[in-house]
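Novice: This structure is in structure tokens; I'll ask about it shortly.
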Amino acid sequence: MLTISTTPFDDQKPGTSGVRKKVTRFQEPGYLENFVQSVFDCLTGFKGETLVLGGDGRFHNDLAIQTILKMAAANGFGRVIVGQDGILSTPAVSNLIRQHGAFGGIILSASHNPGGPDGDFGIKYNGANGGPATETVTEAIFVRSKVIDTYKILEADDVDLGNLGLTNLEATKVEVVDPVEAYATLMESLFDFSAISQLFDSGFEFRFDAMHAVTGPYARKIFIERLGAPAESVMNAQPSTTFGNGHPDPNLVHAKEIYDMAMRSDGPDLCAASDGDGDRNLIIGKQCFVSPSDSLAVIAANAHLAPGYRSGLSGVARSMPTSCAVDRVSEAMGIPLFETPTGWKFFGNLLDAGDITLCGEESAGTGSNHVREKDGVWAVLMWLNILAVRGQSVSEIMRDHWETYGRNYYARHDFEEVDGQGANDLIAALRNKLGELPGRKTKAGQIVHADEFSYYDSIDESLTERQGLRLIFEDGSRIIYRLSGTGTVGATLRVYLERYESTEGNLEQLTSDALAELVSVSRELAGIERFTGRTQPTVIT
Ligand code: G1P
Ligand code: ZN
């Protein structure tokens with residue numbers, strides 16, 4: 001075993017979801033090693049225990065996996081469970097940690113960010129519950145990363161990750177597992193696979209776009225092999241280190257191929273997609289885009305139709321910027337609703353405590369207590385199960401939902417890669433102005449409340465501040481501003497817009513029309529053009 005001297009890097013503060021940087025940064029000697037050793041230095045009691053390890057297969061995944069294996073062995077883990085060829089989707093890692101009672105896991109991914117040698121890379125640590133490290137652990141890792149001066153690594157040959165089975169790395173056992181098997185079995189225990197198979201047999205047309213990313217093998221095994229969907233149902237199923245030179249983000253810009261297909265009048269009955277590491281989902285019915293916030297609400301209202309959720313939900317949670325559509329469902333069902341900061345790590349304690357069964361974010365993330373990550377394939381199966389049992393189309397289900405609960409028109413406007421200083425100044429200026437906003441009349445109505453969101457987690461007693469500026473209007477409309485914590489170039493300003501229309505209102509408007517006034521108020525109030533030089537967002541979702 002070698003103990004290697006190193007000097008700290010100053011940029012290893014985990015963002016919304018681990019440390020994400022350019023691949024080139026991760027290729028610098030010691031960069032990955034310092035972060036991994038900082039993680040191990042903050043953990044106690046893992047000697048002889050199990051670590052789960054895998055990634056989304058992007059460029060640099062293979063080299064990083066070998067380094068981490070040797071570091072895990074040098075630091076004294078007893079066993080490392082690693083996906084074949086170093087591949088595991090994020091929800092599959094979460095599942096393996098839980099199934100094997102592992103000490104924790106390391107996931108290599110930059111999620112939906114582009115891959116390849118000029119793309120992004122990322123790493124994050126998940127704890128024994130299978131979920132992202134809590135705020136407290138995350139902060140400790142960052143503190144450690146600023147003073148670290150040595151790391152431990154074995155001098156050993158690379159482990160062959162191509163074949164399933166056990167090998168030894170000195171005293172540590174390395175178990176190479178099929179990335180899909182355990183996950184597919186978990187899905188089979190939650191959903192009515194025979195109802196979904198019958199749906200496919202009945203001629204229901206389904207397309208899933210794996211975007212050349214990690215879910216390809218999962219989708220093939222589950223949708224085609226186990227559920228009998230026709231082979232052409234899964235598109236772009238071969239994972240590649242560059243994601244086919246694409247941007248594996250299942251939004252309307254980057255998943256345009258499947259979006260266009262869904263919008264045809266003779267298009268498939270359900271189109272879906274997932275992102276680089278398999279935790280996000282896109283759901284589009286025939287000519288009917290389902291916003292992630294609405295999807296969460298529909299799933300909350302219908303989850304009992306799936307066998308794994310037959311006994312109902314204990315509660316639901318959404319991130320603060322996610323629309324309030326699910327609030328209406330929870331109210332009608334008489335179950336608690338929790339509002340958390342952006343990022344999946346905040347759901348973990350609520351799930352562990354049994355306070356919630358279901359949770360989601362506006363950013364295409366939906367999940368439940370079956371793992372501690374959001375889960376793309378799970379969300380698609382949930383929709384298939386609901387469609388199979390209800391025997392209605394996606395658009396019929398949406399219409400029925402809005403007629404029952406009203407409709408929360410919703411959009412997110414992203415101003416990507418803007419100047420960091422300008423973005424920070426914009427937020428600072430708006431923060432200073434919050435006190436004078438309540439009472440102000442705008443063309444989108446009167447502002448009744450303005451604040452900066454903070455969250456107190458009563459389970460681990462942590463307080464997380466500065467989680468977004470929010471303006472609430474007299475009719476419940478909201479404008480929220482926050483800066484992204486996952487970008488790797490400049491800053492990304494996210495503006496979230498929401499307007500509620502009751503069951504008596506006009507439920508069939510175009511979202512862009514319904515939100516037009518709020519959009520214009522959002523630009524003026526924050527001085528977006530003045531601070532960022534931008535008149536239009538780069539992406540609207
Ligand atoms: C984004 C999303 C957030 C999600 C995160 C990780 O973070 O907004 O909901 O949890 O990616 O997938 P952001 O870039 O906004 O900090
Ligand atoms: Zn992801």
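Ordering of the structure tokens sets the chain letters (A, B, ...); residue numbers start at 1 within each chain; ligands are numbered from 1 in the order shown.
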If you count only C-alpha atoms and all ligand atoms, which residues end up within 10 Å of ligand 2, as a PyMOL selection string?

Specialist: chain A and resi 17+56+89-91+109-113+248-250+274-281+363-365+373-376

Novice: Which residues come within 12 Å of Asn506 in chain A, counting only C-alpha atoms, excluding same-chain residues fewer than 6 positions away, as a ChimeraX atom specification?

Specialist: /A:399,402-403,406-409,499-500,513-514

Novice: To check your reading of the model: which residues sit at most 7 Å from ligand 1 when counting only C-alpha atoms and all ligand atoms? Write the answer as a list in words.

Specialist: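 My answer, listing the contacting residues, is Gly15, Thr16, Ser17, Ser111, Thr342, Gly343, Trp344, Glu361, Glu362, Ser363, Leu483, Ser484, Gly485, Thr486 and Gly487 of chain A.
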
Novice: Which is closer to Ile283 in chain A than all the others in A:Pro268, A:Gly30, A:Pro537, A:Gly116, using only C-alpha atoms?

Specialist: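 That would be A:Pro268, the residue with the smallest distance to Ile283 in chain A.
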
Novice: List the neighbours of range 428-434 of chain A out to 12 Å using only C-alpha atoms; skip same-chain residues closer than 2 positions along the sequence, and give me the result as a short mmCIF file (atom, residue, chain, number, x, y, z; two decimals) with N, CA, C and O atoms, in the first residue's frame.

Specialist:
```cif
data_model
loop_
_atom_site.label_atom_id
_atom_site.label_comp_id
_atom_site.auth_asym_id
_atom_site.auth_seq_id
_atom_site.Cartn_x
_atom_site.Cartn_y
_atom_site.Cartn_z
N GLN A 421 -20.42 36.79 -11.88
CA GLN A 421 -20.56 38.01 -11.09
C GLN A 421 -21.93 38.65 -11.29
O GLN A 421 -22.61 39.02 -10.34
N GLY A 422 -22.33 38.71 -12.57
CA GLY A 422 -23.63 39.31 -12.89
C GLY A 422 -24.76 38.55 -12.21
O GLY A 422 -25.70 39.14 -11.66
N ALA A 423 -24.67 37.23 -12.24
CA ALA A 423 -25.72 36.41 -11.64
C ALA A 423 -25.77 36.63 -10.13
O ALA A 423 -26.85 36.78 -9.54
N ASN A 424 -24.61 36.66 -9.50
CA ASN A 424 -24.58 36.89 -8.05
C ASN A 424 -25.10 38.27 -7.70
O ASN A 424 -25.82 38.45 -6.71
N ASP A 425 -24.75 39.26 -8.53
CA ASP A 425 -25.23 40.62 -8.28
C ASP A 425 -26.74 40.70 -8.41
O ASP A 425 -27.41 41.39 -7.64
N LEU A 426 -27.29 39.99 -9.40
CA LEU A 426 -28.74 39.99 -9.60
C LEU A 426 -29.43 39.46 -8.34
O LEU A 426 -30.38 40.07 -7.83
N GLU A 436 -39.41 45.34 0.25
CA GLU A 436 -40.33 46.35 -0.31
C GLU A 436 -41.32 45.77 -1.33
O GLU A 436 -42.16 46.49 -1.84
N LEU A 437 -41.22 44.44 -1.61
CA LEU A 437 -42.09 43.88 -2.66
C LEU A 437 -43.53 43.57 -2.24
O LEU A 437 -44.46 43.81 -3.02
N PRO A 438 -43.75 43.04 -1.03
CA PRO A 438 -45.14 42.73 -0.68
C PRO A 438 -46.03 43.97 -0.77
O PRO A 438 -45.65 45.05 -0.30
N GLY A 439 -47.17 43.81 -1.42
CA GLY A 439 -48.08 44.95 -1.62
C GLY A 439 -47.96 45.55 -2.99
O GLY A 439 -48.86 46.23 -3.48
N ARG A 440 -46.83 45.28 -3.66
CA ARG A 440 -46.64 45.88 -4.97
C ARG A 440 -47.59 45.27 -6.01
O ARG A 440 -47.74 44.07 -6.10
N ILE A 447 -48.23 41.30 -5.50
CA ILE A 447 -47.33 40.44 -4.72
C ILE A 447 -47.77 40.51 -3.25
O ILE A 447 -47.95 41.60 -2.71
N VAL A 448 -47.96 39.35 -2.64
CA VAL A 448 -48.38 39.39 -1.23
C VAL A 448 -47.29 38.93 -0.28
O VAL A 448 -47.35 39.16 0.91
N HIS A 449 -46.29 38.26 -0.84
CA HIS A 449 -45.25 37.72 0.05
C HIS A 449 -43.95 37.60 -0.74
O HIS A 449 -43.95 37.20 -1.89
N ALA A 450 -42.83 37.91 -0.10
CA ALA A 450 -41.53 37.73 -0.75
C ALA A 450 -40.53 37.30 0.31
O ALA A 450 -40.45 37.93 1.37
N ASP A 451 -39.80 36.23 0.05
CA ASP A 451 -38.81 35.79 1.03
C ASP A 451 -37.70 34.98 0.38
O ASP A 451 -37.72 34.73 -0.83
N GLU A 452 -36.73 34.61 1.20
CA GLU A 452 -35.67 33.70 0.73
C GLU A 452 -35.88 32.39 1.46
O GLU A 452 -35.96 32.36 2.69
N PHE A 453 -35.98 31.32 0.69
CA PHE A 453 -36.36 30.03 1.29
C PHE A 453 -35.21 29.43 2.10
O PHE A 453 -34.07 29.39 1.65
N ARG A 466 -30.61 30.25 2.18
CA ARG A 466 -30.39 30.82 0.83
C ARG A 466 -30.71 29.82 -0.28
O ARG A 466 -29.88 29.55 -1.15
N GLN A 467 -31.91 29.28 -0.26
CA GLN A 467 -32.31 28.25 -1.22
C GLN A 467 -33.26 28.76 -2.29
O GLN A 467 -34.02 27.99 -2.86
N GLY A 468 -33.22 30.05 -2.55
CA GLY A 468 -34.06 30.58 -3.62
C GLY A 468 -34.90 31.74 -3.13
O GLY A 468 -35.41 31.73 -2.01
N LEU A 469 -35.04 32.75 -4.00
CA LEU A 469 -35.87 33.91 -3.67
C LEU A 469 -37.24 33.66 -4.24
O LEU A 469 -37.37 33.29 -5.41
N ARG A 470 -38.27 33.86 -3.42
CA ARG A 470 -39.60 33.57 -3.98
C ARG A 470 -40.57 34.72 -3.76
O ARG A 470 -40.61 35.34 -2.71
N LEU A 471 -41.33 34.96 -4.80
CA LEU A 471 -42.36 35.99 -4.78
C LEU A 471 -43.69 35.28 -4.94
O LEU A 471 -43.88 34.51 -5.89
N ILE A 472 -44.61 35.53 -4.03
CA ILE A 472 -45.91 34.87 -4.10
C ILE A 472 -46.97 35.93 -4.33
O ILE A 472 -46.97 36.98 -3.67
N ILE A 480 -39.89 32.23 -8.76
CA ILE A 480 -38.77 31.85 -7.91
C ILE A 480 -37.48 32.01 -8.69
O ILE A 480 -37.41 31.66 -9.88
N TYR A 481 -36.47 32.56 -8.01
CA TYR A 481 -35.16 32.73 -8.65
C TYR A 481 -34.14 31.96 -7.83
O TYR A 481 -34.11 32.09 -6.60
N ARG A 482 -33.31 31.16 -8.51
CA ARG A 482 -32.17 30.59 -7.80
C ARG A 482 -31.04 30.30 -8.78
O ARG A 482 -31.26 30.22 -9.99
N LEU A 483 -29.84 30.18 -8.23
CA LEU A 483 -28.70 29.85 -9.08
C LEU A 483 -28.45 28.35 -9.01
O LEU A 483 -28.53 27.76 -7.94
N SER A 522 -41.22 38.73 -14.26
CA SER A 522 -40.01 38.10 -13.71
C SER A 522 -38.74 38.74 -14.29
O SER A 522 -37.73 38.88 -13.60
N ARG A 523 -38.81 39.13 -15.55
CA ARG A 523 -37.63 39.74 -16.19
C ARG A 523 -37.40 41.14 -15.63
O ARG A 523 -36.27 41.52 -15.31
N GLU A 524 -38.49 41.91 -15.53
CA GLU A 524 -38.35 43.30 -15.10
C GLU A 524 -37.91 43.42 -13.65
O GLU A 524 -36.97 44.14 -13.33
N LEU A 525 -38.62 42.68 -12.79
CA LEU A 525 -38.35 42.83 -11.35
C LEU A 525 -36.90 42.53 -10.99
O LEU A 525 -36.31 43.19 -10.15
N ALA A 526 -36.34 41.51 -11.65
CA ALA A 526 -34.98 41.11 -11.30
C ALA A 526 -33.93 41.80 -12.17
O ALA A 526 -32.74 41.67 -11.91
N GLY A 527 -34.36 42.53 -13.19
CA GLY A 527 -33.39 43.19 -14.08
C GLY A 527 -32.51 42.17 -14.79
O GLY A 527 -31.29 42.33 -14.87
N ILE A 528 -33.13 41.14 -15.33
CA ILE A 528 -32.34 40.04 -15.91
C ILE A 528 -31.44 40.53 -17.04
O ILE A 528 -30.26 40.20 -17.11
N ARG A 530 -30.33 43.57 -17.54
CA ARG A 530 -29.30 44.47 -17.02
C ARG A 530 -28.14 43.69 -16.39
O ARG A 530 -26.97 43.99 -16.61
N PHE A 531 -28.44 42.66 -15.63
CA PHE A 531 -27.38 41.93 -14.92
C PHE A 531 -26.70 40.85 -15.75
O PHE A 531 -25.54 40.52 -15.51
#
```

Novice: Compare A:Asp160, A:Asp414, A:Asp327, A:Glu517 by their minimum atom-to-atom distance to Thr442 in chain A, counting only C-alpha atoms, and give me the closest one.

Specialist: A:Glu517

Novice: Compare A:Phe77, A:Ser202, A:Met211, A:Phe223 by their minimum atom-to-atom distance to Asn168 in chain A, counting only C-alpha atoms, and give me the closest one.

Specialist: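 Using only C-alpha atoms, Asn168 in chain A sits closest to A:Phe77.
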
Novice: Show which residues sit within 8 Å of range 339-341 of chain A, as an mmCIF file with C-alpha atoms, in the first residue's frame. Count only C-alpha atoms, and ignore same-chain residues fewer than 4 positions away.

Specialist:
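What ended up in around27.cif:
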```cif
data_model
loop_
_atom_site.group_PDB
_atom_site.id
_atom_site.type_symbol
_atom_site.label_atom_id
_atom_site.label_comp_id
_atom_site.auth_asym_id
_atom_site.auth_seq_id
_atom_site.Cartn_x
_atom_site.Cartn_y
_atom_site.Cartn_z
ATOM 1 C CA ALA A 317 -42.598 15.873 -0.628
ATOM 2 C CA ARG A 318 -41.537 18.250 -3.355
ATOM 3 C CA SER A 319 -38.663 20.663 -3.749
ATOM 4 C CA MET A 320 -39.649 24.274 -3.165
ATOM 5 C CA PHE A 346 -33.183 16.608 1.360
ATOM 6 C CA PHE A 347 -35.741 13.833 0.843
ATOM 7 C CA PHE A 453 -36.363 30.029 1.294
ATOM 8 C CA SER A 454 -34.550 28.212 4.075
ATOM 9 C CA TYR A 455 -35.164 24.742 5.440
ATOM 10 C CA THR A 464 -30.008 25.097 5.013
ATOM 11 C CA GLN A 467 -32.307 28.252 -1.225
#
```

Novice: Please indicate the distance in Å from CA of Gly165 in chain A to CA of Ile97 in chain A, rounded to one decimal place.

Specialist: 17.7 Å

Novice: Among range 102-224 of chain A, which residues does DSSP mark as strand (DSSP E or B) when it is run on the backbone? Keep the chain and numbering as in the structure and answer as number ranges by chain.

Specialist: A: 104-108, 120-126, 132, 150-153, 165-169, 172-177, 206-209

Novice: If we count only C-alpha atoms and set the cut-off at 10 Å, which residues sit around Ile106 in chain A, ignoring sequence neighbours fewer than 4 positions away in its own chain? Please answer as an MDAnalysis selection string.

Specialist: chainID A and resid 36 39 51:55 65 68 82 90 93:94 97 123:127 132

Novice: Leaving out Ser38 in chain A and any residue of its chain fewer than 6 positions from it, which residues lie within 9 Å of it when counting only C-alpha atoms, given as a PDB file with C-alpha atoms, in the first residue's frame?

Specialist:
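As a result, around_6.pdb now contains:
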```pdb
ATOM      1  CA  ALA A 140     -17.410  17.673   6.503  1.00  0.00           C
ATOM      2  CA  ILE A 141     -16.034  16.210   3.239  1.00  0.00           C
ATOM      3  CA  PHE A 142     -15.504  19.696   1.858  1.00  0.00           C
ATOM      4  CA  VAL A 143     -13.733  20.869   5.019  1.00  0.00           C
ATOM      5  CA  ARG A 144     -11.466  17.827   4.834  1.00  0.00           C
ATOM      6  CA  SER A 145     -10.714  18.387   1.134  1.00  0.00           C
ATOM      7  CA  LYS A 146      -9.185  21.778   1.962  1.00  0.00           C
ATOM      8  CA  ILE A 148      -5.850  16.869   2.967  1.00  0.00           C
ATOM      9  CA  TYR A 151      -4.042   9.599   0.219  1.00  0.00           C
TER      10      TYR A 151
END
```

Novice: List as a ChimeraX atom specification the protein and nucleic acid residues near Ser194 in chain A, meaning an atom at most 12 Å away when only C-alpha atoms are counted, but skip any in the same chain fewer than 3 places from it.

Specialist: /A:188-191,197-201,223,226-228,306-307,384-385,388-389

Novice: Save the residues we just selected, all heavy atoms, as a CSV table (one decimal), in the first residue's frame?

Specialist:
```csv
chain,number,residue,atom,x,y,z
A,188,GLU,N,-40.1,-5.4,-10.6
A,188,GLU,CA,-41.1,-6.4,-10.7
A,188,GLU,C,-41.9,-6.6,-9.4
A,188,GLU,O,-43.1,-6.9,-9.4
A,188,GLU,CB,-40.4,-7.8,-11.1
A,188,GLU,CG,-41.3,-8.7,-11.8
A,188,GLU,CD,-40.6,-9.7,-12.7
A,188,GLU,OE1,-39.3,-9.7,-12.8
A,188,GLU,OE2,-41.3,-10.5,-13.3
A,189,SER,N,-41.3,-6.3,-8.3
A,189,SER,CA,-42.0,-6.4,-7.0
A,189,SER,C,-42.9,-5.2,-6.7
A,189,SER,O,-43.8,-5.3,-5.9
A,189,SER,CB,-41.0,-6.5,-5.8
A,189,SER,OG,-40.4,-5.3,-5.6
A,190,LEU,N,-42.7,-4.1,-7.5
A,190,LEU,CA,-43.5,-2.9,-7.2
A,190,LEU,C,-44.7,-2.7,-8.2
A,190,LEU,O,-45.7,-2.1,-7.8
A,190,LEU,CB,-42.6,-1.7,-7.4
A,190,LEU,CG,-41.4,-1.5,-6.4
A,190,LEU,CD1,-40.6,-0.3,-6.7
A,190,LEU,CD2,-42.0,-1.4,-4.9
A,191,PHE,N,-44.5,-3.2,-9.4
A,191,PHE,CA,-45.5,-2.9,-10.5
A,191,PHE,C,-46.2,-4.2,-11.0
A,191,PHE,O,-45.6,-5.3,-10.9
A,191,PHE,CB,-44.8,-2.1,-11.6
A,191,PHE,CG,-44.2,-0.8,-11.2
A,191,PHE,CD1,-42.9,-0.6,-11.1
A,191,PHE,CD2,-45.1,0.2,-10.8
A,191,PHE,CE1,-42.4,0.6,-10.6
A,191,PHE,CE2,-44.6,1.4,-10.3
A,191,PHE,CZ,-43.2,1.6,-10.2
A,197,SER,N,-47.7,-6.0,-19.5
A,197,SER,CA,-47.5,-6.9,-20.7
A,197,SER,C,-48.8,-6.9,-21.5
A,197,SER,O,-48.7,-6.8,-22.7
A,197,SER,CB,-47.2,-8.3,-20.2
A,197,SER,OG,-46.1,-8.4,-19.5
A,198,GLN,N,-49.9,-7.0,-20.8
A,198,GLN,CA,-51.2,-7.0,-21.6
A,198,GLN,C,-51.4,-5.7,-22.4
A,198,GLN,O,-51.9,-5.7,-23.5
A,198,GLN,CB,-52.3,-7.3,-20.7
A,198,GLN,CG,-52.5,-8.8,-20.3
A,198,GLN,CD,-53.5,-8.9,-19.2
A,198,GLN,OE1,-54.4,-8.1,-19.0
A,198,GLN,NE2,-53.3,-10.0,-18.4
A,199,LEU,N,-51.0,-4.6,-21.7
A,199,LEU,CA,-51.1,-3.3,-22.4
A,199,LEU,C,-50.3,-3.4,-23.7
A,199,LEU,O,-50.8,-3.0,-24.8
A,199,LEU,CB,-50.6,-2.2,-21.5
A,199,LEU,CG,-50.7,-0.8,-22.0
A,199,LEU,CD1,-52.2,-0.3,-22.1
A,199,LEU,CD2,-49.9,0.2,-21.1
A,200,PHE,N,-49.0,-3.9,-23.6
A,200,PHE,CA,-48.2,-3.9,-24.8
A,200,PHE,C,-48.8,-4.9,-25.8
A,200,PHE,O,-48.8,-4.6,-27.0
A,200,PHE,CB,-46.8,-4.4,-24.5
A,200,PHE,CG,-46.0,-3.3,-23.8
A,200,PHE,CD1,-45.0,-3.7,-22.8
A,200,PHE,CD2,-46.1,-2.0,-24.1
A,200,PHE,CE1,-44.3,-2.7,-22.1
A,200,PHE,CE2,-45.3,-1.0,-23.4
A,200,PHE,CZ,-44.4,-1.4,-22.4
A,201,ASP,N,-49.4,-6.0,-25.4
A,201,ASP,CA,-50.0,-7.0,-26.3
A,201,ASP,C,-51.2,-6.4,-27.0
A,201,ASP,O,-51.5,-6.8,-28.1
A,201,ASP,CB,-50.5,-8.2,-25.5
A,201,ASP,CG,-49.4,-9.1,-25.1
A,201,ASP,OD1,-48.2,-8.9,-25.6
A,201,ASP,OD2,-49.6,-10.0,-24.2
A,223,PHE,N,-38.3,-3.5,-20.3
A,223,PHE,CA,-39.4,-3.3,-21.2
A,223,PHE,C,-39.5,-4.3,-22.3
A,223,PHE,O,-40.6,-4.8,-22.7
A,223,PHE,CB,-39.3,-1.9,-21.9
A,223,PHE,CG,-39.3,-0.7,-20.9
A,223,PHE,CD1,-38.3,0.2,-21.0
A,223,PHE,CD2,-40.2,-0.6,-19.9
A,223,PHE,CE1,-38.3,1.3,-20.1
A,223,PHE,CE2,-40.2,0.4,-19.0
A,223,PHE,CZ,-39.2,1.4,-19.1
A,226,ARG,N,-38.6,-8.5,-20.3
A,226,ARG,CA,-39.5,-9.0,-19.3
A,226,ARG,C,-41.0,-8.6,-19.6
A,226,ARG,O,-41.9,-9.3,-19.1
A,226,ARG,CB,-39.1,-8.4,-17.9
A,226,ARG,CG,-37.8,-8.9,-17.4
A,226,ARG,CD,-37.7,-9.1,-15.9
A,226,ARG,NE,-36.4,-9.6,-15.6
A,226,ARG,CZ,-35.9,-9.7,-14.4
A,226,ARG,NH1,-36.7,-9.3,-13.3
A,226,ARG,NH2,-34.7,-10.2,-14.1
A,227,LEU,N,-41.2,-7.5,-20.2
A,227,LEU,CA,-42.6,-7.0,-20.4
A,227,LEU,C,-43.1,-7.2,-21.9
A,227,LEU,O,-44.2,-7.0,-22.2
A,227,LEU,CB,-42.7,-5.5,-20.1
A,227,LEU,CG,-42.6,-5.2,-18.6
A,227,LEU,CD1,-42.4,-3.8,-18.3
A,227,LEU,CD2,-43.8,-5.7,-17.8
A,228,GLY,N,-42.2,-7.7,-22.7
A,228,GLY,CA,-42.6,-8.0,-24.1
A,228,GLY,C,-42.9,-6.9,-25.0
A,228,GLY,O,-43.6,-7.0,-26.0
A,306,ALA,N,-50.7,0.6,-8.3
A,306,ALA,CA,-49.5,-0.2,-8.5
A,306,ALA,C,-49.4,-1.1,-7.2
A,306,ALA,O,-49.5,-0.5,-6.1
A,306,ALA,CB,-48.3,0.6,-8.7
A,307,PRO,N,-49.1,-2.4,-7.3
A,307,PRO,CA,-49.1,-3.3,-6.2
A,307,PRO,C,-48.2,-2.8,-5.0
A,307,PRO,O,-48.6,-2.9,-3.9
A,307,PRO,CB,-48.5,-4.6,-6.8
A,307,PRO,CG,-48.9,-4.5,-8.2
A,307,PRO,CD,-48.9,-3.1,-8.6
A,384,LEU,N,-46.8,3.5,-16.9
A,384,LEU,CA,-47.3,2.4,-17.7
A,384,LEU,C,-48.4,1.6,-16.9
A,384,LEU,O,-49.4,1.2,-17.3
A,384,LEU,CB,-46.2,1.4,-18.1
A,384,LEU,CG,-45.3,1.9,-19.3
A,384,LEU,CD1,-44.0,1.1,-19.4
A,384,LEU,CD2,-46.1,1.9,-20.6
A,385,ASN,N,-48.0,1.4,-15.6
A,385,ASN,CA,-49.0,0.7,-14.7
A,385,ASN,C,-50.3,1.5,-14.6
A,385,ASN,O,-51.4,0.9,-14.7
A,385,ASN,CB,-48.3,0.5,-13.3
A,385,ASN,CG,-49.0,-0.5,-12.4
A,385,ASN,OD1,-48.3,-1.2,-11.7
A,385,ASN,ND2,-50.3,-0.5,-12.4
A,388,ALA,N,-52.2,1.2,-17.8
A,388,ALA,CA,-52.7,-0.2,-18.0
A,388,ALA,C,-54.0,-0.4,-17.2
A,388,ALA,O,-55.0,-0.9,-17.7
A,388,ALA,CB,-51.7,-1.2,-17.6
A,389,VAL,N,-54.0,0.1,-15.9
A,389,VAL,CA,-55.1,-0.1,-15.1
A,389,VAL,C,-56.3,0.8,-15.4
A,389,VAL,O,-57.4,0.3,-15.5
A,389,VAL,CB,-54.7,0.0,-13.6
A,389,VAL,CG1,-55.9,-0.1,-12.7
A,389,VAL,CG2,-53.6,-1.0,-13.2
```

Novice: From a backbone DSSP assignment, name each residue in range 369-507 of chain A labelled alpha helix (DSSP H), as a PyMOL selection string.

Specialist: chain A and resi 376-390+394-405+420-433
